[in-house]
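*Asks:* Before I ask anything, here is the structure I am working with.
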Amino acid sequence: MTQTDLAYHLKNIQHYYENTKVLDIDDLKIRKGSITGLLGPNGSGKSTLLKLLAFAQKPTMGSIFYNGRIEFPFSPTVRSKVTLLTQKPYLLKRIVFENIAYGLKIRKETKFLEDQVKKALLTVGLDYQNFAARKWHELSGGEAQRVAMAARLILKPEVLLLDEPIASVDTESAKLIRKASLKARDNWGATLVIASHDLQWLYSISDKQLSIFKGNIFSTGMENIITGPFVKTDEKSLVKKLGDGQIITLKAPTQEVCTAVIRKKNISIALERQPAGGVDNQLSGHIISMLLEKKNGQIMATISINDLSLILRLSPDQISHLDLYPGKKVILQFHSNDVEWI
Amino acid sequence: MTQTDLAYHLKNIQHYYENTKVLDIDDLKIRKGSITGLLGPNGSGKSTLLKLLAFAQKPTMGSIFYNGRIEFPFSPTVRSKVTLLTQKPYLLKRIVFENIAYGLKIRKETKFLEDQVKKALLTVGLDYQNFAARKWHELSGGEAQRVAMAARLILKPEVLLLDEPIASVDTESAKLIRKASLKARDNWGATLVIASHDLQWLYSISDKQLSIFKGNIFSTGMENIITGPFVKTDEKSLVKKLGDGQIITLKAPTQEVCTAVIRKKNISIALERQPAGGVDNQLSGHIISMLLEKKNGQIMATISINDLSLILRLSPDQISHLDLYPGKKVILQFHSNDVEWI
Amino acid sequence: AGSKGLMMATTTSTDNTGLLDYLIPHFEKQTNISLKWTATGTGKALKLGQNCDVDVLLVHAPPAEKKYIANGYGKDRREVMYNDFVIIGPENDPAGIKGKSISDALSAVKNEQAVFMSRGDDSGTNKKEKLLWKNAGIQLPDKEKWYVQTGQGMLATINVAQERNGYTMTDRGTYIKYQSQKDGNAPLKILVEGDSILLNQYSVLTLDPKNCANAKYDLALKFSDWMASQNAQNLIKDFRLLGQKLFIPNAK
Amino acid sequence: MDFIVAGFIKAFELLISGDSSTWTAVWATLKVSTCSMLLSIGAGLPCGFLLGYFDFKGKKHLRTILDTMLALPTVFIGLAVYAFISHQGPLGEFGLLFTLTGIAIGQTILAFPIVAALTASTIESIDHDLKLTLVTLGAGKRNIITTCLWEVRFGILAAAVTAYGRVLTEVGISMMVGGNIKYHTRTITTAIALETNKGLFADGIALGLVLIMIAFIVNLSLSFLRKQ
Amino acid sequence: MDFIVAGFIKAFELLISGDSSTWTAVWATLKVSTCSMLLSIGAGLPCGFLLGYFDFKGKKHLRTILDTMLALPTVFIGLAVYAFISHQGPLGEFGLLFTLTGIAIGQTILAFPIVAALTASTIESIDHDLKLTLVTLGAGKRNIITTCLWEVRFGILAAAVTAYGRVLTEVGISMMVGGNIKYHTRTITTAIALETNKGLFADGIALGLVLIMIAFIVNLSLSFLRKQ
Ligand SMILES: Nc1ncnc2c1ncn2[C@@H]1O[C@H](COP(=O)(O)OP(=O)(O)OP(=O)(O)O)[C@@H](O)[C@H]1O
Ligand SMILES: Nc1ncnc2c1ncn2[C@@H]1O[C@H](COP(=O)(O)OP(=O)(O)OP(=O)(O)O)[C@@H](O)[C@H]1O
Ligand SMILES: [Mg+2]
Ligand SMILES: [Mg+2]
């Protein structure tokens, strides 16, 4: 990956709200033309990161290279090229048409405006006739969300940052937004970064997933996070007790921390418990969902173990072989040494 | 179901925004202590229905019986008993504590206020220490959503109406909100109506699903909707052409309408096409997701047929028998006579 | 002191009675000099002249005018007309001043603690009133409850007097106006009049070119001359308000 | 120009020397403006709320009338109040003419449209979601009013400060209804008018500065209510 | 009381008879108030925007000063302007004293704080999401100003209408700077003051009604800008 391939390069970024650090990224590279999925629990810093990437806010510390150059808010080289669909989309107090046309108007690109607006509305599944003349407040929640999306798509930006674009959007429209996002990448080489809590949707659209937790980034995508409280058993290990009496054993961390990460790839699935020895964690639970990952034909399965949910990736063969289906009881196995602490 | 079992009874409700009819419900009964899921695409009228149920708005026509009596906005018998979590939760310009305590304060129930707020925050997974003193704008999207939820839960209302309560909430919190909702029903007999686009979550929580489409209600829950354009072939049938050349044949409707409904129960699944005769629609597609319905151990499968998604309910036996998994190619079969028009 | 024509500052009485509206068109026609005026309190009128914002003054406060000239602000002072002051009060005359001399009347007011309105605005009228108290040997009753200082124009002060059933001193012109507004049965009547000290002298004042080079001294002088001319004096003599003579020309 | 400088010096002298006529005028001004502000806020807030919160027929016309009332000349109000409370007026018997109470009545009429119109326009800017949220949380009508007003408190504060500025600087009503009576109904503004008319411009400036100082102190204390 | 009735009748007479002194005063009022409104809006909107939009050190103090300026007495402004444009003032050579231009300058100073303070408080109420949305849509600084102002247009309108009411009814500046010269700088308000001074209360009321009528017509036309 050479420097010129990079849309973004973030170096030593830290961001504070008042005195609380909410983002801490040593080094993050985002390739031109890639679609990056941003995963993480509430308050982990997704929106903050997107605002920094949009140059809508300056990080408290560190620098953001865009196309190889350090850039700042209002810099003319990014201003009309990077656009963000905010988490709470705000519609201007105007009709839908004007909302969608706004970005083009301030860019003074008003050729074929009506046609462009018509097309943008169509991409998000709204019909021009019915919606163009509506006032901003005469829309349902999902319709408003989609109008805001159309207002971003019409700009054909170099970078399209989407903060939970399908939060209140129906399944059909979620598909349309997926299509539109892919088209943006394919047709004009847009770089996309998308935050969402809908894992299936996010996996179906992104090339790469970044998992973010308490402001720290894991570039390997969605991983399983186990939060405390933990109980110390001896020098070398901690345990977490689940509600049903099952116990997870973890290698004790070296520094003072509180959250454990177990990567998908380190977990295996079985129908029966192995005899003792080998893995030291064998948890019984049941499958609650199985989702297709379009990219690779693999299946992402969510397994519920009492009040804990773990995710792992299965192949069709594994599923056929073990005769897995949602509701089936399974045993998850992993080694306490494979745990990582953050 | 006797009258006294009913929390709500809606009769001949119609609601208009300006001159557009957005809701048309002949008769709808909601039992006390039930949890009703509300499904439907954007703009179908979910939020409108919830606002009517909350007596925050008067229907243009028709009457709403609550506990057997016709009630109106501001009626003292419903005012402090019915509460709605709106789709765009609004936080008062005060700290989190005051936001959550607001409802109790106006009810003058300020005993053990701090304890109650602490508990309410905990139910939505936020910790008192960290959040109670934050200003309304110092929250992430999902945190704000959860504060708003806590402000409703603390009221222990007779009726709890939730408009997309997990729209921007992470998986863990979605679980917490599910738990809290069930507890509300079980502990103080609350009646719940919940709108959501997250089908799995909604199915995992609700006793009964209402599907709403263009303001009309189908009491049988999520059904498959096929929208136009259709092409008329002869007197008796219409066809819809899919992008990949497949064709769906439908019995022509008697009145002028444009949307077809095919109920889950009328669709069957197979691995191979049947020889001609019997069903007249055989569509090939692939499974994209399989979700467990907690209630009954059945599996809800979504099958993608070109740009159409159909949903049907499978049993574990069927899955094992046909060796189904996400990604697997399947044939869906249904008869054109089974289509309903709305 | 605009580019064309004369700018005059004058007291409100000449304007409010309508004298200027009657007189000035004649002046403009006969001399081809246009004249605009602003009507204010005497004090402010003098100040505007001192600051060279006007060209000529028409005022009525002889002692102040003389001091003004002595200070080098004014140049020529020409007396052009007069009217007189009267003391008015309620018809039942609680202090019993009717027909008394000025000094006796004021002493009676003071002894009876009868309400007396003063304009208290340092206008020509007010200055005269203060002089009367002094002549009567009474210290100005500034903080006495019965001595009410309105700080307003003459008519407003009369109206206050009427509301409070009190006495006041006014120029005859304003009283006539007041009387006419009450359709001839005004609650306040003239109780003391005719003393020579009650004369109210109006003068035209030109500004000293040494102080105000920009002031149109020559035109101002023309106005002053015109006001003293037989023609103007006749016009003043003929000016009537509601059928009563208001100003008596006395240019020398 | 020099009278401005002189005015500054004089302003200090007046205040420090404890000049009684100045201090009684300050006192009268404070009393009367406080009173009229309380009354106009008491009446203007609810009216403004109703006008801004609800949609009803004729609302637009009411707004136009209220906006027009913003242009009621003070002398006009003064005359109208005078007509009512003068001896011959219908309220003559209460003896309100030439009293601070009389002035306060007039100033209330002056400030009311400012408070009401600005409150209405602030309330109108309220998010529709706030209304919905309050109703669904079980707020009664009074809760809705108080909570909405509190949500837009900075807008309300601006309305009040604007009205206060108007009341504090008005001359016409104080002159006409109060009569500018020394030691009684003379307020700072009528005193300024008087001094200016006398040609004592420096005194006018000095008194103006005193008034501005009052306004400054009031606004400074209010500014602590306003967060950064 | 009867002078109020008489005033109504007289108001019609004045307008219908085409009384030239009334009409020139109407004309002068319109000219001067339009001019000062344009100037104060031109200066007040941007200043109000800056003060409401950005957070910076000393912002709170600036607001306090601006709020205090709301309480500048008109006579004081009149005196200050007079000091500058009088013959001996620094701007004496321009001959602005006793002209409508001079009045307009003073009225601009009067209206500016109203426009600026109310604009600032309206802009402050803007949703933070709007700012973010504009920036992310690629709006430049000028776009942000214009769009924000447009978003709160009803608040701005209220600010302008309030300032207009203030300008239309002010007497002190017109009197001091304009000199109330008949057919030249006499505005309706100075005419009202004059008539009232003469004791012609009915005429005062009549002229007041004329002024209110002007305000009504202006507000009526503005009300079409305002949606239901
Ligand atoms: N204030 C309004 N004026 C006019 N039409 C409106 C208004 N609010 C909603 N609508 C329309 O009414 C219909 C129903 O809206 P509603 O908000 O109930 O939909 P919804 O089912 O909640 O959709 P979503 O899933 O997007 O939240 C939609 O077609 C919408 O466009
Ligand atoms: N204005 C603010 N002041 C103080 N803290 C803030 C502010 N905005 C956000 N935070 C805090 O910063 C952290 C990161 O917030 P951010 O909005 O980036 O989270 P997020 O990952 O987008 O969450 P969500 O999924 O809920 O949208 C959270 O802990 C939040 O509480
Ligand atoms: Mg977020
Ligand atoms: Mg909705």
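Chain labels A, B, ... are given in the sequence in which chains occur in the structure tokens; within each chain residues are numbered consecutively from 1, and ligands are likewise numbered from 1 in the order shown.
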Could I get the residues of chain A with an atom no further than 10 Å from an atom of ligand 2, each paired with its nearest atom pair and that distance in Å to one decimal, using only C-alpha atoms and all ligand atoms, sorted by chain and residue number, as CSV?
*Replies:*
```
residue,atom,partner,partner_atom_place_in_ligand_line,distance
A:His15,CA,ligand 2,12 (O),9.2
A:Tyr16,CA,ligand 2,5 (N),8.0
A:Tyr17,CA,ligand 2,4 (C),4.6
A:Glu18,CA,ligand 2,4 (C),6.4
A:Asn19,CA,ligand 2,4 (C),8.6
A:Thr20,CA,ligand 2,5 (N),7.2
A:Lys21,CA,ligand 2,12 (O),7.9
A:Val22,CA,ligand 2,13 (C),5.1
A:Leu23,CA,ligand 2,14 (C),7.5
A:Leu38,CA,ligand 2,21 (O),9.0
A:Leu39,CA,ligand 2,21 (O),8.2
A:Gly40,CA,ligand 2,21 (O),6.3
A:Pro41,CA,ligand 2,25 (O),5.6
A:Asn42,CA,ligand 2,26 (O),3.5
A:Gly43,CA,ligand 2,19 (O),3.4
A:Ser44,CA,ligand 2,21 (O),3.9
A:Gly45,CA,ligand 2,18 (O),3.1
A:Lys46,CA,ligand 2,21 (O),3.6
A:Ser47,CA,ligand 2,22 (O),3.5
A:Thr48,CA,ligand 2,18 (O),3.7
A:Leu49,CA,ligand 2,18 (O),6.4
A:Leu50,CA,ligand 2,18 (O),8.0
A:Lys51,CA,ligand 2,18 (O),8.4
A:Leu52,CA,ligand 2,18 (O),10.0
A:Thr86,CA,ligand 2,22 (O),9.9
A:Gln87,CA,ligand 2,27 (O),7.0
A:Lys88,CA,ligand 2,27 (O),9.4
A:Asp163,CA,ligand 2,22 (O),7.8
A:Glu164,CA,ligand 2,27 (O),7.8
A:Ala195,CA,ligand 2,22 (O),8.0
A:Ser196,CA,ligand 2,25 (O),7.8
A:His197,CA,ligand 2,25 (O),7.4
A:Ile212,CA,ligand 2,21 (O),7.8
A:Phe213,CA,ligand 2,21 (O),8.2
A:Lys214,CA,ligand 2,29 (O),7.6
A:Gly215,CA,ligand 2,14 (C),7.3
```
*Asks:* Residues of chain E within 10 Å of chain C, using only C-alpha atoms, as a ChimeraX atom specification?
*Replies:* /E:82-83,85-89,92,94-99,175-176,178-186,194-201
*Asks:* Pick out the chain B residues within 12 Å of chain E. Count only C-alpha atoms. Give them as a PyMOL selection string.
*Replies:* chain B and resi 93+137-138+141
*Asks:* Restricting the calculation to only C-alpha atoms and all ligand atoms, which member of A:Ser173, A:Ser168, A:Thr83, A:Asn296 is positioned closest to ligand 4?
*Replies:*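 So, comparing all the options, the nearest one is A:Ser168.
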*Asks:* Which polymer residues have any atom within 6 Å of an atom of stretch 93-99 of chain C, counting only C-alpha atoms, with same-chain residues fewer than 3 positions away left out, as a list in words?
*Replies:*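 After dropping sequence-adjacent residues, the list is Pro90, Ala105, Ala108, Val109, Glu112, Leu191 and Val192 of chain C.
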*Asks:* With all heavy atoms retained, could you export that selection as a PDB file, in the first residue's frame?
*Replies:*
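Output saved as again.pdb:
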```
ATOM      1  N   PRO C  90     -57.047  78.333  40.802  1.00  0.00           N
ATOM      2  CA  PRO C  90     -58.437  77.872  40.822  1.00  0.00           C
ATOM      3  C   PRO C  90     -59.378  79.006  41.181  1.00  0.00           C
ATOM      4  O   PRO C  90     -58.996  79.936  41.887  1.00  0.00           O
ATOM      5  CB  PRO C  90     -58.448  76.784  41.901  1.00  0.00           C
ATOM      6  CG  PRO C  90     -57.149  76.869  42.601  1.00  0.00           C
ATOM      7  CD  PRO C  90     -56.203  77.655  41.781  1.00  0.00           C
ATOM      8  N   ALA C 105     -49.055  88.177  46.904  1.00  0.00           N
ATOM      9  CA  ALA C 105     -49.697  86.945  46.423  1.00  0.00           C
ATOM     10  C   ALA C 105     -48.806  85.756  46.710  1.00  0.00           C
ATOM     11  O   ALA C 105     -49.250  84.723  47.223  1.00  0.00           O
ATOM     12  CB  ALA C 105     -49.990  87.049  44.926  1.00  0.00           C
ATOM     13  N   ALA C 108     -48.705  84.868  50.317  1.00  0.00           N
ATOM     14  CA  ALA C 108     -49.946  84.187  50.719  1.00  0.00           C
ATOM     15  C   ALA C 108     -49.894  82.716  50.330  1.00  0.00           C
ATOM     16  O   ALA C 108     -50.273  81.825  51.096  1.00  0.00           O
ATOM     17  CB  ALA C 108     -51.146  84.872  50.055  1.00  0.00           C
ATOM     18  N   VAL C 109     -49.394  82.465  49.117  1.00  0.00           N
ATOM     19  CA  VAL C 109     -49.289  81.081  48.653  1.00  0.00           C
ATOM     20  C   VAL C 109     -48.417  80.292  49.611  1.00  0.00           C
ATOM     21  O   VAL C 109     -48.748  79.187  50.026  1.00  0.00           O
ATOM     22  CB  VAL C 109     -48.711  81.031  47.223  1.00  0.00           C
ATOM     23  CG1 VAL C 109     -48.261  79.629  46.879  1.00  0.00           C
ATOM     24  CG2 VAL C 109     -49.742  81.531  46.224  1.00  0.00           C
ATOM     25  N   GLU C 112     -50.111  79.773  53.068  1.00  0.00           N
ATOM     26  CA  GLU C 112     -51.218  78.806  53.045  1.00  0.00           C
ATOM     27  C   GLU C 112     -50.741  77.433  52.605  1.00  0.00           C
ATOM     28  O   GLU C 112     -51.504  76.483  52.560  1.00  0.00           O
ATOM     29  CB  GLU C 112     -52.311  79.277  52.067  1.00  0.00           C
ATOM     30  CG  GLU C 112     -52.997  80.562  52.500  1.00  0.00           C
ATOM     31  CD  GLU C 112     -53.787  80.385  53.786  1.00  0.00           C
ATOM     32  OE1 GLU C 112     -54.405  79.302  53.959  1.00  0.00           O
ATOM     33  OE2 GLU C 112     -53.750  81.291  54.639  1.00  0.00           O
ATOM     34  N   LEU C 191     -55.560  85.517  38.200  1.00  0.00           N
ATOM     35  CA  LEU C 191     -55.790  86.098  39.524  1.00  0.00           C
ATOM     36  C   LEU C 191     -54.910  87.315  39.768  1.00  0.00           C
ATOM     37  O   LEU C 191     -55.309  88.254  40.444  1.00  0.00           O
ATOM     38  CB  LEU C 191     -55.525  85.054  40.609  1.00  0.00           C
ATOM     39  CG  LEU C 191     -56.414  83.808  40.511  1.00  0.00           C
ATOM     40  CD1 LEU C 191     -55.970  82.745  41.513  1.00  0.00           C
ATOM     41  CD2 LEU C 191     -57.881  84.177  40.741  1.00  0.00           C
ATOM     42  N   VAL C 192     -53.694  87.310  39.206  1.00  0.00           N
ATOM     43  CA  VAL C 192     -52.807  88.455  39.370  1.00  0.00           C
ATOM     44  C   VAL C 192     -52.261  88.824  38.013  1.00  0.00           C
ATOM     45  O   VAL C 192     -51.795  87.939  37.264  1.00  0.00           O
ATOM     46  CB  VAL C 192     -51.631  88.098  40.322  1.00  0.00           C
ATOM     47  CG1 VAL C 192     -50.704  89.306  40.460  1.00  0.00           C
ATOM     48  CG2 VAL C 192     -52.158  87.670  41.683  1.00  0.00           C
TER      49      VAL C 192
END
```
*Asks:* Near chain E, which residues of chain D fall within 6 Å when you count only C-alpha atoms, and what do they look like as a ChimeraX atom specification?
*Replies:* /D:1,64,68,70-71,73,76,83,89,121,155,165,169,208,215-216,219
*Asks:* Given the selection you just returned, output its residues as a file containing N, CA and C atoms, formatted as a compact mmCIF listing (two decimals), in the first residue's frame.
*Replies:*
```txt
# COMPACT_ATOMS: atom_id res chain seq x y z
N MET D 1 -18.10 68.73 21.53
CA MET D 1 -17.51 67.48 21.99
C MET D 1 -17.19 67.52 23.48
N THR D 64 -49.87 40.07 13.81
CA THR D 64 -49.72 41.35 13.12
C THR D 64 -50.12 42.51 14.04
N THR D 68 -47.71 45.39 15.46
CA THR D 68 -48.04 46.80 15.29
C THR D 68 -47.97 47.52 16.62
N LEU D 70 -45.92 47.09 18.76
CA LEU D 70 -44.53 47.42 19.04
C LEU D 70 -44.23 48.86 18.62
N ALA D 71 -45.06 49.38 17.75
CA ALA D 71 -44.83 50.74 17.25
C ALA D 71 -45.80 51.74 17.86
N PRO D 73 -46.30 54.79 19.80
CA PRO D 73 -45.43 55.86 20.29
C PRO D 73 -45.70 56.09 21.77
N PHE D 76 -48.16 58.66 22.59
CA PHE D 76 -49.52 58.18 22.33
C PHE D 76 -50.04 57.39 23.52
N ALA D 83 -55.78 60.08 29.39
CA ALA D 83 -57.23 60.23 29.17
C ALA D 83 -58.01 59.43 30.19
N GLY D 89 -61.26 61.65 33.53
CA GLY D 89 -61.30 60.32 32.92
C GLY D 89 -62.07 59.34 33.78
N SER D 121 -42.27 34.45 19.36
CA SER D 121 -41.40 34.00 18.27
C SER D 121 -40.36 33.01 18.80
N GLY D 155 -33.90 32.83 25.20
CA GLY D 155 -34.72 33.67 24.33
C GLY D 155 -35.63 34.57 25.16
N GLY D 165 -34.80 47.57 28.39
CA GLY D 165 -34.14 48.70 27.74
C GLY D 165 -35.16 49.74 27.28
N THR D 169 -35.65 53.61 28.99
CA THR D 169 -35.29 54.79 28.21
C THR D 169 -36.48 55.61 27.76
N GLY D 208 -27.54 60.47 31.48
CA GLY D 208 -27.61 59.33 30.56
C GLY D 208 -26.65 58.24 31.00
N ALA D 215 -28.43 50.10 33.85
CA ALA D 215 -28.68 49.00 32.92
C ALA D 215 -27.52 48.03 32.94
N PHE D 216 -26.34 48.55 33.04
CA PHE D 216 -25.16 47.68 33.03
C PHE D 216 -25.15 46.76 34.25
N ASN D 219 -27.78 44.11 33.79
CA ASN D 219 -27.39 43.11 32.80
C ASN D 219 -26.23 42.26 33.26
```
*Asks:* Which neighbours of stretch 30-40 of chain E fall inside 6 Å, counting only C-alpha atoms, when residues of the same chain fewer than 2 positions from it are skipped, and could you give them as a list in words?
*Replies:*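 My reading of the contact set: Trp27, Ala28, Gly42, Ala43, Gly44, Ala104, Gln107, Thr108, Ala111 and Phe112 of chain E.
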*Asks:* Take the residues just selected and output them with all heavy atoms as an mmCIF file, in the first residue's frame.
*Replies:*
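Contents of again_19.cif, freshly written:
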```cif
data_model
loop_
_atom_site.group_PDB
_atom_site.id
_atom_site.type_symbol
_atom_site.label_atom_id
_atom_site.label_comp_id
_atom_site.auth_asym_id
_atom_site.auth_seq_id
_atom_site.Cartn_x
_atom_site.Cartn_y
_atom_site.Cartn_z
ATOM 1 N N TRP E 27 -43.716 61.203 5.171
ATOM 2 C CA TRP E 27 -42.660 60.932 4.200
ATOM 3 C C TRP E 27 -41.270 60.919 4.885
ATOM 4 O O TRP E 27 -40.462 60.024 4.679
ATOM 5 C CB TRP E 27 -42.746 61.962 3.083
ATOM 6 C CG TRP E 27 -41.896 61.682 1.903
ATOM 7 C CD1 TRP E 27 -41.057 62.567 1.293
ATOM 8 C CD2 TRP E 27 -41.806 60.455 1.178
ATOM 9 N NE1 TRP E 27 -40.436 61.955 0.234
ATOM 10 C CE2 TRP E 27 -40.860 60.656 0.144
ATOM 11 C CE3 TRP E 27 -42.403 59.202 1.318
ATOM 12 C CZ2 TRP E 27 -40.509 59.656 -0.761
ATOM 13 C CZ3 TRP E 27 -42.056 58.205 0.419
ATOM 14 C CH2 TRP E 27 -41.121 58.441 -0.591
ATOM 15 N N ALA E 28 -41.061 61.937 5.727
ATOM 16 C CA ALA E 28 -39.776 62.018 6.438
ATOM 17 C C ALA E 28 -39.601 60.798 7.341
ATOM 18 O O ALA E 28 -38.533 60.180 7.390
ATOM 19 C CB ALA E 28 -39.724 63.297 7.270
ATOM 20 N N GLY E 42 -28.048 45.746 8.333
ATOM 21 C CA GLY E 42 -26.786 45.431 7.661
ATOM 22 C C GLY E 42 -25.649 45.212 8.643
ATOM 23 O O GLY E 42 -24.823 44.319 8.474
ATOM 24 N N ALA E 43 -25.626 46.016 9.700
ATOM 25 C CA ALA E 43 -24.550 45.858 10.678
ATOM 26 C C ALA E 43 -24.925 44.855 11.755
ATOM 27 O O ALA E 43 -24.079 44.101 12.237
ATOM 28 C CB ALA E 43 -24.243 47.211 11.318
ATOM 29 N N GLY E 44 -26.197 44.831 12.139
ATOM 30 C CA GLY E 44 -26.619 44.031 13.286
ATOM 31 C C GLY E 44 -26.667 42.539 13.004
ATOM 32 O O GLY E 44 -26.307 41.734 13.864
ATOM 33 N N ALA E 104 -31.043 59.635 10.829
ATOM 34 C CA ALA E 104 -30.870 58.222 10.473
ATOM 35 C C ALA E 104 -29.635 57.636 11.153
ATOM 36 O O ALA E 104 -29.654 56.494 11.602
ATOM 37 C CB ALA E 104 -30.777 58.070 8.956
ATOM 38 N N GLN E 107 -30.618 56.956 14.715
ATOM 39 C CA GLN E 107 -31.554 55.836 14.831
ATOM 40 C C GLN E 107 -30.856 54.508 14.548
ATOM 41 O O GLN E 107 -31.252 53.466 15.080
ATOM 42 C CB GLN E 107 -32.725 56.035 13.875
ATOM 43 C CG GLN E 107 -33.638 57.176 14.306
ATOM 44 C CD GLN E 107 -34.897 57.249 13.487
ATOM 45 O OE1 GLN E 107 -34.964 56.672 12.400
ATOM 46 N NE2 GLN E 107 -35.894 57.968 13.979
ATOM 47 N N THR E 108 -29.843 54.552 13.697
ATOM 48 C CA THR E 108 -29.092 53.323 13.441
ATOM 49 C C THR E 108 -28.410 52.853 14.724
ATOM 50 O O THR E 108 -28.427 51.667 15.062
ATOM 51 C CB THR E 108 -28.047 53.570 12.346
ATOM 52 O OG1 THR E 108 -28.720 54.051 11.187
ATOM 53 C CG2 THR E 108 -27.305 52.290 12.008
ATOM 54 N N ALA E 111 -31.086 51.287 16.839
ATOM 55 C CA ALA E 111 -31.641 49.998 16.418
ATOM 56 C C ALA E 111 -30.592 48.896 16.405
ATOM 57 O O ALA E 111 -30.923 47.723 16.588
ATOM 58 C CB ALA E 111 -32.268 50.140 15.033
ATOM 59 N N PHE E 112 -29.356 49.268 16.204
ATOM 60 C CA PHE E 112 -28.312 48.248 16.074
ATOM 61 C C PHE E 112 -28.285 47.235 17.226
ATOM 62 O O PHE E 112 -28.312 46.026 16.996
ATOM 63 C CB PHE E 112 -26.941 48.910 15.907
ATOM 64 C CG PHE E 112 -25.797 47.966 16.072
ATOM 65 C CD1 PHE E 112 -25.420 47.130 15.028
ATOM 66 C CD2 PHE E 112 -25.111 47.866 17.282
ATOM 67 C CE1 PHE E 112 -24.382 46.232 15.170
ATOM 68 C CE2 PHE E 112 -24.077 46.966 17.439
ATOM 69 C CZ PHE E 112 -23.708 46.158 16.382
#
```
*Asks:* Any idea what's packed within 12 Å of C:Lys134, counting only C-alpha atoms, ignoring anything in its chain fewer than 4 positions away? Could you give it as a list in words?
*Replies:* Ile102, Ser103, Leu106, Ser107, Lys127, Lys128, Glu129, Lys130, Ile138, Gln139, Leu140 and Pro141 of chain C
*Asks:* For the selection you just gave me, I'd like the residues written to a file as a CSV table (one decimal), in the first residue's frame, keeping C-alpha atoms.
*Replies:*
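Generated output (selection.csv):
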```csv
chain,number,residue,atom,x,y,z
C,102,ILE,CA,-47.2,89.9,43.2
C,103,SER,CA,-45.1,89.8,46.3
C,106,LEU,CA,-46.6,84.7,46.6
C,107,SER,CA,-46.3,85.2,50.3
C,127,LYS,CA,-36.3,82.5,35.3
C,128,LYS,CA,-38.9,85.2,35.6
C,129,GLU,CA,-40.8,83.2,38.3
C,130,LYS,CA,-37.7,82.7,40.3
C,138,ILE,CA,-38.8,84.3,49.8
C,139,GLN,CA,-36.1,81.8,49.4
C,140,LEU,CA,-36.9,79.5,46.5
C,141,PRO,CA,-39.1,76.7,48.0
```
*Asks:* If DSSP is run on the backbone, what residues of chain E are alpha helix (DSSP H)? A reply as a count of residues only would be ideal.
*Replies:* 169
*Asks:* Find the residues in chain B near chain A: any atom within 8 Å counts, using only C-alpha atoms. Write them as a PyMOL selection string.
*Replies:* chain B and resi 40-43+47+87-88+139-143+164+167-172+197+287-292+297-299+316+319-320+323-327
